[in-house]
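Colleague: This is input34.pdb (PDB, C-alpha atoms).
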ATOM      1  CA  MET L 129      -9.671   3.268 -10.585
ATOM      2  CA  ARG L 130     -10.190   1.930 -14.074
ATOM      3  CA  PHE L 131      -8.590  -1.423 -14.908
ATOM      4  CA  GLY L 132      -7.912  -3.100 -18.230
ATOM      5  CA  ILE L 133      -7.069  -6.795 -18.321
ATOM      6  CA  VAL L 134      -5.383  -8.906 -20.997
ATOM      7  CA  VAL L 135      -5.829 -12.692 -21.174
ATOM      8  CA  ASN L 136      -3.347 -14.521 -23.386
ATOM      9  CA  GLU L 137      -4.175 -18.162 -22.707
ATOM     10  CA  GLY L 138      -7.177 -20.404 -23.299
ATOM     11  CA  PRO L 139      -9.458 -21.746 -20.560
ATOM     12  CA  TYR L 140      -8.697 -25.006 -18.720
ATOM     13  CA  GLN L 141      -5.231 -25.447 -20.284
ATOM     14  CA  HIS L 142      -3.633 -22.677 -18.224
ATOM     15  CA  GLN L 143      -4.546 -20.847 -15.002
ATOM     16  CA  ALA L 144      -4.296 -17.417 -16.671
ATOM     17  CA  SER L 145      -8.019 -17.036 -17.389
ATOM     18  CA  ASP L 146      -8.946 -18.109 -13.836
ATOM     19  CA  SER L 147      -6.462 -15.671 -12.326
ATOM     20  CA  ALA L 148      -7.708 -12.866 -14.566
ATOM     21  CA  TYR L 149     -11.325 -13.572 -13.637
ATOM     22  CA  LEU L 150     -10.624 -13.667  -9.892
ATOM     23  CA  PHE L 151      -8.609 -10.456 -10.211
ATOM     24  CA  ALA L 152     -11.483  -8.783 -12.092
ATOM     25  CA  LYS L 153     -14.024  -9.912  -9.498
ATOM     26  CA  ALA L 154     -11.836  -8.657  -6.650
ATOM     27  CA  ALA L 155     -11.290  -5.320  -8.404
ATOM     28  CA  ILE L 156     -15.043  -4.824  -8.788
ATOM     29  CA  ALA L 157     -15.578  -5.835  -5.139
ATOM     30  CA  ARG L 158     -13.055  -3.142  -4.176
ATOM     31  CA  GLY L 159     -15.161  -0.545  -6.002
ATOM     32  CA  HIS L 160     -12.931  -0.286  -9.068
ATOM     33  CA  GLU L 161     -14.105  -0.428 -12.635
ATOM     34  CA  VAL L 162     -13.021  -3.254 -14.954
ATOM     35  CA  TRP L 163     -13.462  -1.431 -18.197
ATOM     36  CA  ARG L 164     -12.317  -4.002 -20.707
ATOM     37  CA  VAL L 165     -10.898  -7.518 -20.858
ATOM     38  CA  PHE L 166      -8.995  -8.179 -24.057
ATOM     39  CA  PHE L 167      -8.508 -11.789 -25.171
ATOM     40  CA  TYR L 168      -5.453 -12.448 -27.298
ATOM     41  CA  HIS L 169      -3.374 -15.414 -28.513
ATOM     42  CA  ASP L 170      -5.085 -18.652 -27.344
ATOM     43  CA  GLY L 171      -7.038 -16.447 -24.937
ATOM     44  CA  VAL L 172      -9.636 -16.085 -27.705
ATOM     45  CA  ASN L 173     -10.789 -19.616 -26.864
ATOM     46  CA  ASN L 174     -12.344 -18.203 -23.686
ATOM     47  CA  ALA L 175     -15.094 -16.866 -25.951
ATOM     48  CA  SER L 176     -16.303 -20.150 -27.429
ATOM     49  CA  LYS L 177     -19.935 -20.876 -26.595
ATOM     50  CA  LEU L 178     -19.332 -24.500 -27.618
ATOM     51  CA  THR L 179     -17.358 -25.025 -24.399
ATOM     52  CA  GLU L 180     -18.853 -27.769 -22.215
ATOM     53  CA  PRO L 181     -16.887 -28.580 -19.071
ATOM     54  CA  PRO L 182     -17.923 -31.503 -16.823
ATOM     55  CA  GLN L 183     -20.799 -30.694 -14.435
ATOM     56  CA  ASP L 184     -18.577 -30.563 -11.354
ATOM     57  CA  ASP L 185     -16.153 -28.040 -12.815
ATOM     58  CA  ARG L 186     -16.337 -24.254 -13.135
ATOM     59  CA  HIS L 187     -17.685 -22.917 -16.434
ATOM     60  CA  ILE L 188     -14.996 -20.439 -17.378
ATOM     61  CA  VAL L 189     -16.787 -19.067 -20.438
ATOM     62  CA  ASN L 190     -20.144 -18.561 -18.719
ATOM     63  CA  ARG L 191     -18.407 -16.981 -15.764
ATOM     64  CA  TRP L 192     -16.956 -14.285 -18.031
ATOM     65  CA  SER L 193     -20.346 -13.782 -19.719
ATOM     66  CA  LYS L 194     -22.022 -13.309 -16.343
ATOM     67  CA  LEU L 195     -19.375 -10.828 -15.211
ATOM     68  CA  ALA L 196     -19.889  -8.835 -18.407
ATOM     69  CA  GLU L 197     -23.643  -8.754 -17.937
ATOM     70  CA  GLU L 198     -23.632  -7.840 -14.254
ATOM     71  CA  HIS L 199     -20.832  -5.288 -14.282
ATOM     72  CA  HIS L 200     -20.771  -3.956 -17.850
ATOM     73  CA  VAL L 201     -17.341  -5.353 -18.558
ATOM     74  CA  ASP L 202     -16.410  -5.076 -22.225
ATOM     75  CA  LEU L 203     -15.115  -8.503 -23.339
ATOM     76  CA  VAL L 204     -13.181  -8.076 -26.572
ATOM     77  CA  VAL L 205     -11.733 -10.897 -28.641
ATOM     78  CA  CYS L 206      -8.944 -10.101 -31.109
ATOM     79  CA  VAL L 207     -10.238 -10.731 -34.626
ATOM     80  CA  ALA L 208      -6.947 -11.866 -36.178
ATOM     81  CA  ALA L 209      -6.152 -14.251 -33.313
ATOM     82  CA  ALA L 210      -9.771 -15.493 -33.295
ATOM     83  CA  LEU L 211      -9.973 -16.267 -37.013
ATOM     84  CA  ARG L 212      -6.710 -18.219 -36.798
ATOM     85  CA  ARG L 213      -8.274 -20.392 -34.127
ATOM     86  CA  GLY L 214     -11.796 -20.809 -35.464
ATOM     87  CA  ILE L 215     -13.579 -18.365 -33.172
ATOM     88  CA  LYS L 216     -16.258 -16.500 -35.138
ATOM     89  CA  GLU L 217     -19.501 -14.606 -34.552
ATOM     90  CA  GLU L 218     -21.462 -17.853 -34.899
ATOM     91  CA  ASN L 219     -19.747 -19.534 -31.944
ATOM     92  CA  LEU L 220     -19.218 -16.465 -29.796
ATOM     93  CA  ALA L 221     -20.528 -16.676 -26.228
ATOM     94  CA  GLN L 222     -22.816 -14.029 -24.686
ATOM     95  CA  GLY L 223     -21.171 -10.771 -23.718
ATOM     96  CA  PHE L 224     -18.116 -11.155 -25.947
ATOM     97  CA  ARG L 225     -17.484  -9.175 -29.110
ATOM     98  CA  ILE L 226     -14.899  -9.561 -31.853
ATOM     99  CA  SER L 227     -12.831  -6.544 -32.757
ATOM    100  CA  GLY L 228      -9.373  -5.392 -33.752
ATOM    101  CA  LEU L 229      -6.111  -5.056 -31.883
ATOM    102  CA  GLY L 230      -6.761  -1.332 -31.675
ATOM    103  CA  GLN L 231      -9.090  -2.178 -28.774
ATOM    104  CA  LEU L 232      -6.109  -3.495 -26.823
ATOM    105  CA  VAL L 233      -4.116  -0.334 -27.468
ATOM    106  CA  GLU L 234      -7.162   1.722 -26.488
ATOM    107  CA  ALA L 235      -7.411  -0.239 -23.238
ATOM    108  CA  GLY L 236      -3.790   0.675 -22.540
ATOM    109  CA  ILE L 237      -4.527   4.331 -23.185
ATOM    110  CA  LYS L 238      -7.855   4.640 -21.354
ATOM    111  CA  ALA L 239      -7.313   2.367 -18.368
ATOM    112  CA  ASP L 240      -5.340   3.538 -15.334
ATOM    113  CA  ARG L 241      -3.692   0.117 -15.120
ATOM    114  CA  LEU L 242      -3.419  -2.710 -17.621
ATOM    115  CA  VAL L 243      -2.746  -6.117 -16.076
ATOM    116  CA  VAL L 244      -1.606  -9.000 -18.295
ATOM    117  CA  PHE L 245      -2.327 -12.679 -17.579
ATOM    118  CA  GLY L 246      -0.616 -15.285 -19.737
ATOM    119  CA  ASP L 247       1.948 -18.037 -19.927
TER
ATOM    120  CA  MET C  34       6.578  -0.958 -10.410
ATOM    121  CA  LEU C  35       4.708  -4.136  -9.524
ATOM    122  CA  HIS C  36       6.421  -7.186 -11.006
ATOM    123  CA  ILE C  37       4.068 -10.136 -11.417
ATOM    124  CA  ILE C  38       5.673 -13.571 -11.750
ATOM    125  CA  ASN C  39       3.700 -16.729 -12.518
ATOM    126  CA  LYS C  40       6.291 -19.461 -13.050
ATOM    127  CA  SER C  41       8.313 -21.714 -10.788
ATOM    128  CA  PRO C  42      11.896 -20.451 -10.559
ATOM    129  CA  LEU C  43      13.067 -24.059 -10.674
ATOM    130  CA  THR C  44      11.862 -24.593 -14.250
ATOM    131  CA  HIS C  45      11.685 -21.099 -15.764
ATOM    132  CA  SER C  46      13.912 -18.042 -15.798
ATOM    133  CA  ALA C  47      11.162 -15.419 -15.350
ATOM    134  CA  LEU C  48      11.874 -14.650 -11.688
ATOM    135  CA  GLU C  49      15.625 -14.815 -12.237
ATOM    136  CA  SER C  50      15.307 -12.348 -15.153
ATOM    137  CA  CYS C  51      13.133 -10.011 -13.124
ATOM    138  CA  LEU C  52      15.682  -9.975 -10.295
ATOM    139  CA  ARG C  53      18.502  -9.377 -12.773
ATOM    140  CA  VAL C  54      16.888  -6.476 -14.628
ATOM    141  CA  ALA C  55      14.521  -4.736 -12.208
ATOM    142  CA  GLN C  56      16.209  -2.488  -9.681
ATOM    143  CA  SER C  57      13.479  -2.111  -7.101
ATOM    144  CA  GLY C  58       9.752  -2.198  -6.552
ATOM    145  CA  GLU C  59       7.338  -4.877  -5.457
ATOM    146  CA  ILE C  60       7.175  -8.498  -6.572
ATOM    147  CA  LEU C  61       4.001 -10.579  -6.492
ATOM    148  CA  LEU C  62       4.309 -14.336  -6.917
ATOM    149  CA  ILE C  63       1.190 -15.964  -8.378
ATOM    150  CA  GLU C  64       0.249 -19.321  -9.945
ATOM    151  CA  ASP C  65       3.323 -21.593 -10.180
ATOM    152  CA  ALA C  66       5.621 -18.814  -8.981
ATOM    153  CA  VAL C  67       4.318 -19.324  -5.438
ATOM    154  CA  TYR C  68       6.786 -22.221  -5.105
ATOM    155  CA  ALA C  69       9.486 -19.546  -4.936
ATOM    156  CA  ALA C  70       7.980 -18.292  -1.673
ATOM    157  CA  THR C  71       8.338 -21.581   0.184
ATOM    158  CA  SER C  72      11.091 -22.342   2.655
ATOM    159  CA  GLY C  73      13.644 -24.941   1.668
ATOM    160  CA  ASN C  74      13.237 -24.532  -2.086
ATOM    161  CA  ALA C  75      16.504 -24.177  -3.996
ATOM    162  CA  PHE C  76      15.673 -20.572  -4.900
ATOM    163  CA  GLU C  77      15.117 -19.461  -1.269
ATOM    164  CA  GLY C  78      18.523 -17.812  -0.968
ATOM    165  CA  LYS C  79      17.828 -15.623  -3.980
ATOM    166  CA  ILE C  80      14.418 -14.640  -2.621
ATOM    167  CA  ARG C  81      15.977 -13.662   0.695
ATOM    168  CA  GLU C  82      18.606 -11.648  -1.122
ATOM    169  CA  ALA C  83      15.914  -9.971  -3.257
ATOM    170  CA  MET C  84      14.018  -8.896  -0.143
ATOM    171  CA  GLY C  85      16.684  -6.262   0.396
ATOM    172  CA  ARG C  86      15.658  -4.496  -2.807
ATOM    173  CA  PHE C  87      12.048  -5.562  -3.244
ATOM    174  CA  LYS C  88       8.999  -6.075  -1.109
ATOM    175  CA  VAL C  89       7.879  -9.632  -1.917
ATOM    176  CA  TYR C  90       4.252 -10.824  -1.831
ATOM    177  CA  VAL C  91       2.689 -14.183  -2.554
ATOM    178  CA  LEU C  92      -0.886 -14.928  -3.626
ATOM    179  CA  GLN C  93      -2.254 -16.975  -0.730
ATOM    180  CA  PRO C  94      -5.032 -18.829  -2.645
ATOM    181  CA  ASP C  95      -2.424 -20.130  -5.121
ATOM    182  CA  LEU C  96      -0.214 -21.247  -2.236
ATOM    183  CA  GLU C  97      -3.121 -22.994  -0.498
ATOM    184  CA  ALA C  98      -4.110 -24.740  -3.725
ATOM    185  CA  ARG C  99      -0.617 -26.216  -3.891
ATOM    186  CA  GLY C 100      -0.566 -27.375  -0.259
ATOM    187  CA  LEU C 101       2.208 -25.029   0.819
ATOM    188  CA  ALA C 102       0.472 -22.309   2.828
ATOM    189  CA  ASP C 103       2.366 -23.319   5.964
ATOM    190  CA  ARG C 104       5.800 -22.925   4.362
ATOM    191  CA  ILE C 105       6.030 -19.227   3.543
ATOM    192  CA  ILE C 106       9.535 -17.807   3.855
ATOM    193  CA  ALA C 107       9.605 -15.281   6.734
ATOM    194  CA  GLY C 108       9.332 -11.768   5.337
ATOM    195  CA  VAL C 109       7.243 -12.714   2.290
ATOM    196  CA  SER C 110       3.735 -11.257   2.698
ATOM    197  CA  PRO C 111       0.661 -13.271   1.749
ATOM    198  CA  VAL C 112      -2.169 -11.430  -0.051
ATOM    199  CA  ASP C 113      -5.549 -12.487  -1.434
ATOM    200  CA  TYR C 114      -6.968 -11.343  -4.793
ATOM    201  CA  GLY C 115      -8.146  -8.107  -3.176
ATOM    202  CA  GLY C 116      -4.570  -7.547  -2.033
ATOM    203  CA  PHE C 117      -3.400  -8.232  -5.589
ATOM    204  CA  VAL C 118      -5.771  -5.502  -6.807
ATOM    205  CA  ASP C 119      -4.499  -3.110  -4.126
ATOM    206  CA  LEU C 120      -0.894  -3.727  -5.210
ATOM    207  CA  ALA C 121      -1.754  -3.089  -8.869
ATOM    208  CA  ALA C 122      -3.565   0.118  -7.911
ATOM    209  CA  ALA C 123      -0.854   1.382  -5.561
ATOM    210  CA  ASN C 124       1.996   0.958  -8.045
ATOM    211  CA  LYS C 125       2.269   3.399 -10.951
ATOM    212  CA  ASN C 126       2.679   0.546 -13.425
ATOM    213  CA  CYS C 127       2.952  -3.225 -13.558
ATOM    214  CA  GLN C 128       4.713  -5.841 -15.592
ATOM    215  CA  SER C 129       3.893  -9.522 -15.972
ATOM    216  CA  TRP C 130       7.103 -11.449 -16.579
ATOM    217  CA  LEU C 131       5.582 -14.056 -18.853
TER
ATOM    218  CA  MET T 111      -5.469  16.914 -23.371
ATOM    219  CA  SER T 112      -2.526  14.734 -24.196
ATOM    220  CA  ASP T 113      -3.380  11.070 -24.551
ATOM    221  CA  ILE T 114       0.165   9.938 -25.264
ATOM    222  CA  LYS T 115       1.368   7.160 -23.023
ATOM    223  CA  LYS T 116       4.628   5.285 -22.876
ATOM    224  CA  PHE T 117       3.983   1.767 -24.164
ATOM    225  CA  MET T 118       6.626  -0.889 -23.772
ATOM    226  CA  PHE T 119       6.487  -4.298 -25.401
ATOM    227  CA  VAL T 120       8.672  -6.810 -23.628
ATOM    228  CA  ASN T 121       9.687  -9.792 -25.747
ATOM    229  CA  ARG T 122      11.211 -12.628 -23.747
ATOM    230  CA  LYS T 123      10.284 -15.567 -25.950
ATOM    231  CA  ALA T 124      12.076 -17.097 -28.910
ATOM    232  CA  PRO T 125      10.336 -17.033 -32.311
ATOM    233  CA  HIS T 126       8.860 -20.078 -34.148
ATOM    234  CA  GLY T 127       8.542 -22.449 -31.163
ATOM    235  CA  THR T 128       5.406 -20.548 -30.126
ATOM    236  CA  ILE T 129       3.287 -17.850 -31.777
ATOM    237  CA  TYR T 130       3.914 -15.157 -29.132
ATOM    238  CA  ALA T 131       6.645 -13.302 -31.056
ATOM    239  CA  LEU T 132       4.583 -13.054 -34.237
ATOM    240  CA  GLU T 133       1.388 -11.944 -32.506
ATOM    241  CA  SER T 134       3.338  -9.469 -30.381
ATOM    242  CA  LEU T 135       4.681  -7.884 -33.542
ATOM    243  CA  GLU T 136       1.119  -7.539 -34.829
ATOM    244  CA  VAL T 137       0.160  -5.506 -31.734
ATOM    245  CA  VAL T 138       3.231  -3.316 -32.100
ATOM    246  CA  LEU T 139       2.328  -2.430 -35.673
ATOM    247  CA  ILE T 140      -1.229  -1.496 -34.645
ATOM    248  CA  THR T 141       0.026   0.589 -31.713
ATOM    249  CA  ALA T 142       2.067   2.667 -34.169
ATOM    250  CA  ALA T 143      -1.196   3.961 -35.650
ATOM    251  CA  PHE T 144      -2.233   5.403 -32.258
ATOM    252  CA  ASP T 145       0.640   7.894 -32.000
ATOM    253  CA  GLN T 146       1.860   6.570 -28.676
ATOM    254  CA  ASP T 147       5.420   6.551 -27.366
ATOM    255  CA  VAL T 148       6.387   2.972 -28.232
ATOM    256  CA  SER T 149       9.446   1.017 -27.091
ATOM    257  CA  LEU T 150      10.321  -2.579 -27.869
ATOM    258  CA  VAL T 151      12.487  -4.548 -25.531
ATOM    259  CA  PHE T 152      14.186  -7.864 -26.252
ATOM    260  CA  LEU T 153      15.290  -9.856 -23.231
ATOM    261  CA  ASP T 154      16.341 -13.457 -22.624
ATOM    262  CA  ASP T 155      15.328 -15.732 -25.537
ATOM    263  CA  GLY T 156      13.446 -12.769 -27.032
ATOM    264  CA  VAL T 157      16.735 -11.605 -28.539
ATOM    265  CA  TYR T 158      16.567 -14.598 -30.900
ATOM    266  CA  GLN T 159      13.624 -12.867 -32.610
ATOM    267  CA  LEU T 160      16.129 -10.428 -34.102
ATOM    268  CA  LYS T 161      18.689 -12.987 -35.316
ATOM    269  CA  LYS T 162      19.751 -12.450 -38.906
ATOM    270  CA  GLY T 163      19.299 -15.142 -41.519
ATOM    271  CA  GLN T 164      16.118 -16.855 -40.306
ATOM    272  CA  GLN T 165      14.845 -19.290 -42.976
ATOM    273  CA  THR T 166      11.498 -20.904 -42.218
ATOM    274  CA  LYS T 167      10.874 -22.664 -45.528
ATOM    275  CA  GLY T 168      11.813 -26.048 -44.087
ATOM    276  CA  ILE T 169       9.302 -25.786 -41.226
ATOM    277  CA  GLU T 170       6.608 -24.383 -43.533
ATOM    278  CA  THR T 171       5.771 -21.385 -41.359
ATOM    279  CA  LYS T 172       5.710 -17.688 -42.111
ATOM    280  CA  ASN T 173       9.080 -15.959 -41.804
ATOM    281  CA  PHE T 174       8.063 -12.752 -40.080
ATOM    282  CA  SER T 175      11.562 -11.618 -39.156
ATOM    283  CA  PRO T 176      11.837  -9.125 -42.077
ATOM    284  CA  ALA T 177       8.934  -7.235 -40.456
ATOM    285  CA  TYR T 178      11.265  -5.995 -37.708
ATOM    286  CA  ARG T 179      13.083  -4.060 -40.398
ATOM    287  CA  ALA T 180       9.815  -2.447 -41.451
ATOM    288  CA  LEU T 181       9.194  -0.987 -37.980
ATOM    289  CA  GLU T 182      11.201   2.113 -38.789
ATOM    290  CA  GLY T 183       8.698   2.930 -41.536
ATOM    291  CA  TYR T 184       6.006   2.998 -38.836
ATOM    292  CA  ASP T 185       8.074   5.432 -36.763
ATOM    293  CA  ILE T 186       8.919   2.732 -34.234
ATOM    294  CA  GLU T 187      12.567   3.380 -33.653
ATOM    295  CA  LYS T 188      13.091   2.558 -29.993
ATOM    296  CA  LEU T 189      14.373  -0.992 -29.988
ATOM    297  CA  TYR T 190      16.314  -2.047 -26.904
ATOM    298  CA  VAL T 191      18.250  -5.227 -26.319
ATOM    299  CA  GLU T 192      19.710  -6.243 -22.989
ATOM    300  CA  LYS T 193      23.473  -6.703 -23.105
ATOM    301  CA  GLU T 194      23.503  -9.627 -20.669
ATOM    302  CA  SER T 195      20.878 -11.526 -22.700
ATOM    303  CA  LEU T 196      22.931 -11.164 -25.882
ATOM    304  CA  GLU T 197      26.126 -12.283 -24.180
ATOM    305  CA  ALA T 198      24.482 -15.282 -22.564
ATOM    306  CA  ARG T 199      23.549 -16.475 -26.062
ATOM    307  CA  GLY T 200      26.877 -15.899 -27.752
ATOM    308  CA  LEU T 201      25.389 -13.114 -29.861
ATOM    309  CA  SER T 202      26.505  -9.584 -30.626
ATOM    310  CA  GLU T 203      24.868  -6.597 -32.317
ATOM    311  CA  GLU T 204      26.264  -7.736 -35.686
ATOM    312  CA  ASP T 205      24.076 -10.850 -35.468
ATOM    313  CA  LEU T 206      20.898  -8.778 -35.347
ATOM    314  CA  LEU T 207      18.826  -7.845 -38.383
ATOM    315  CA  VAL T 208      17.985  -4.301 -37.209
ATOM    316  CA  ASP T 209      19.749  -1.438 -35.476
ATOM    317  CA  VAL T 210      19.120  -1.566 -31.751
ATOM    318  CA  THR T 211      20.243   0.184 -28.616
ATOM    319  CA  VAL T 212      22.058  -2.197 -26.308
ATOM    320  CA  LEU T 213      21.445  -1.494 -22.623
ATOM    321  CA  GLY T 214      22.919  -3.014 -19.503
ATOM    322  CA  ARG T 215      20.454  -4.689 -17.127
ATOM    323  CA  ALA T 216      20.239  -1.772 -14.709
ATOM    324  CA  GLU T 217      19.547   0.772 -17.468
ATOM    325  CA  MET T 218      16.920  -1.600 -18.845
ATOM    326  CA  GLY T 219      15.295  -1.814 -15.430
ATOM    327  CA  GLU T 220      15.163   1.966 -15.151
ATOM    328  CA  LEU T 221      13.599   2.261 -18.597
ATOM    329  CA  MET T 222      10.872  -0.194 -17.561
ATOM    330  CA  ASP T 223      10.107   1.850 -14.458
ATOM    331  CA  GLN T 224       9.388   4.902 -16.616
ATOM    332  CA  GLN T 225       6.637   3.231 -18.664
ATOM    333  CA  ASP T 226       2.891   3.694 -18.360
ATOM    334  CA  VAL T 227       1.879   0.413 -20.003
ATOM    335  CA  VAL T 228       4.043  -2.695 -20.172
ATOM    336  CA  LEU T 229       2.762  -5.462 -22.420
ATOM    337  CA  SER T 230       4.415  -8.837 -22.389
ATOM    338  CA  PHE T 231       3.418 -11.833 -24.432
TER
END
How does the structure come out when it is put into structure tokens?

Modeller:
Amino acid sequence: MRFGIVVNEGPYQHQASDSAYLFAKAAIARGHEVWRVFFYHDGVNNASKLTEPPQDDRHIVNRWSKLAEEHHVDLVVCVAAALRRGIKEENLAQGFRISGLGQLVEAGIKADRLVVFGD
Amino acid sequence: MLHIINKSPLTHSALESCLRVAQSGEILLIEDAVYAATSGNAFEGKIREAMGRFKVYVLQPDLEARGLADRIIAGVSPVDYGGFVDLAAANKNCQSWL
Amino acid sequence: MSDIKKFMFVNRKAPHGTIYALESLEVVLITAAFDQDVSLVFLDDGVYQLKKGQQTKGIETKNFSPAYRALEGYDIEKLYVEKESLEARGLSEEDLLVDVTVLGRAEMGELMDQQDVVLSF
């Protein structure tokens, strides 16, 4: 089955990004496809390569990048939400791309299930 | 439909709203909503009542993280993230009550 | 092959206190361009998004409430408000800035069940 995922909250502040990541990993482990993860609202902050958590904590941003690389997950950051919050090409982490809201609608159309994580 | 709730029923209305509007289906309690699945909480009566109309699940890792894995209300089924995925796949659609 | 799905946007949050209502509206407007079957639902504090007479000058933020009136121009005409949510807030249809269909909770629940994609912000 093909899954789409939406993340509406930033990393570290809220559990949404962690839950979404663990869901994505479990879906892939079950043999499903995670076709696209769309980052909206403060969720765009998951794409900042300037993120530096303490050594003993999980690196939420790098974890998403690694998932994208290993399993061809399309990580899309909403351009309007990103520009509002200072996320641009120059500080975009590996594996993420900036695009329009149409990519979210497309995820709804093309995925068998769209699961939303937020506040 | 799979109804996903992520907030404590003692501070937010999400679960209450879901129970008011949704007629049937499956409910999965994740993140801070797992408190709703614990015995003795003030919302327990409503969860028990809801079990007549809904099958209720709780995300075990979130319950363990909060130190309440030994307090699940009888009849609420614990699942891991794989179980979460299975629920999302088995239901025709899902809604996160944010 | 038909690619038309039933999209439902569920709005349960009040406007202004957080950005969710505004950014949700932005998605709705984009979805209109994809020729999908779009419904908007206003539940709980989400009904406050449709309150007439919002004036945001004093808080220096964008007043996006007139945009709900523009939805019709994008062929988005299915706006549903839950009766119980309105009543719990002392509001009636006359307080709302657009024409909506008021549904009881059970009818609202049935409508949700029929959707393919439910987006909530």

Colleague: Taking (-10.8, -19.3, -8.4) in the file's coordinates as the center, which residues reach within 12 Å of it, counting all atoms listed in the file, put as JSON, numbers by chain?

Modeller: {"L": [140, 143, 144, 145, 146, 147, 148, 149, 150, 151, 152, 153, 154, 185, 186, 187, 188, 191], "C": [64, 92, 93, 94, 95, 97, 98, 113, 114]}

Colleague: Taking the file above as input, evaluate the PyMOL selection byres ((chain C) within 9 of (chain T)) and report the hits as a list in words.

Modeller: Met34, Ser46, Ala47, Ser50, Cys51, Arg53, Val54, Ala55, Gln56, Ser57, Gly58, Lys125, Asn126, Cys127, Gln128, Ser129, Trp130 and Leu131 of chain C

Colleague: Set the distance at 8 Å and use all atoms listed in the file: which residues neighbour L:Ala196 once local chain neighbours fewer than 6 positions away are removed? I'd like the list as a list in words.

Modeller: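 Using all atoms listed in the file, the neighbours found are Asp202, Leu203 and Gly223 of chain L.
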
Colleague: Determine, using only C-alpha atoms, which residues of chain L have any atom at most 12 Å from an atom of chain T, and tabulate each with its shortest atom pair and distance in Å to one decimal place, rows ordered by chain and then rising number, as a Markdown table.

Modeller:
| residue | atom | partner | partner_atom | distance |
| --- | --- | --- | --- | --- |
| L:Phe131 | CA | T:Val227 | CA | 11.8 |
| L:Gly132 | CA | T:Val227 | CA | 10.6 |
| L:Ile133 | CA | T:Leu229 | CA | 10.7 |
| L:Val134 | CA | T:Leu229 | CA | 9.0 |
| L:Val135 | CA | T:Phe231 | CA | 9.8 |
| L:Asn136 | CA | T:Phe231 | CA | 7.4 |
| L:Glu137 | CA | T:Phe231 | CA | 10.0 |
| L:Phe167 | CA | T:Phe231 | CA | 11.9 |
| L:Tyr168 | CA | T:Glu133 | CA | 8.6 |
| L:His169 | CA | T:Glu133 | CA | 7.1 |
| L:Asp170 | CA | T:Ile129 | CA | 9.5 |
| L:Gly171 | CA | T:Phe231 | CA | 11.4 |
| L:Cys206 | CA | T:Val137 | CA | 10.2 |
| L:Val207 | CA | T:Glu136 | CA | 11.8 |
| L:Ala208 | CA | T:Glu133 | CA | 9.1 |
| L:Ala209 | CA | T:Glu133 | CA | 7.9 |
| L:Ala210 | CA | T:Glu133 | CA | 11.7 |
| L:Arg212 | CA | T:Glu133 | CA | 11.1 |
| L:Gly228 | CA | T:Ile140 | CA | 9.1 |
| L:Leu229 | CA | T:Val137 | CA | 6.3 |
| L:Gly230 | CA | T:Ile140 | CA | 6.3 |
| L:Gln231 | CA | T:Ile140 | CA | 9.8 |
| L:Leu232 | CA | T:Val137 | CA | 8.2 |
| L:Val233 | CA | T:Thr141 | CA | 6.0 |
| L:Glu234 | CA | T:Phe144 | CA | 8.4 |
| L:Ala235 | CA | T:Val227 | CA | 9.9 |
| L:Gly236 | CA | T:Val227 | CA | 6.2 |
| L:Ile237 | CA | T:Lys115 | CA | 6.5 |
| L:Lys238 | CA | T:Asp113 | CA | 8.5 |
| L:Ala239 | CA | T:Val227 | CA | 9.5 |
| L:Asp240 | CA | T:Asp226 | CA | 8.8 |
| L:Arg241 | CA | T:Val227 | CA | 7.4 |
| L:Leu242 | CA | T:Val227 | CA | 6.6 |
| L:Val243 | CA | T:Leu229 | CA | 8.4 |
| L:Val244 | CA | T:Leu229 | CA | 7.0 |
| L:Phe245 | CA | T:Phe231 | CA | 9.0 |
| L:Gly246 | CA | T:Phe231 | CA | 7.1 |
| L:Asp247 | CA | T:Phe231 | CA | 7.8 |

Colleague: At what distance in Å, to one decimal, does atom CA of L:His199 lie from atom CA of L:Phe224?

Modeller: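 Distance between the two atoms: 13.3 Å.
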
Colleague: Residues near C:Ala66, anyone? I mean within 6 Å using all atoms listed in the file, not counting same-chain ones fewer than 2 positions away, as a ChimeraX atom specification.

Modeller: /C:38-41,62-64,68-69

Colleague: To one decimal place in Å, what is the distance between atom CA of C:Ser72 and atom CA of C:Arg104?

Modeller: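 Calculated distance between atom CA of C:Ser72 and atom CA of C:Arg104 is 5.6 Å.
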
Colleague: Atom CA of C:Glu49 and atom CA of T:Leu196, how far apart in Å?

Modeller: 15.9 Å
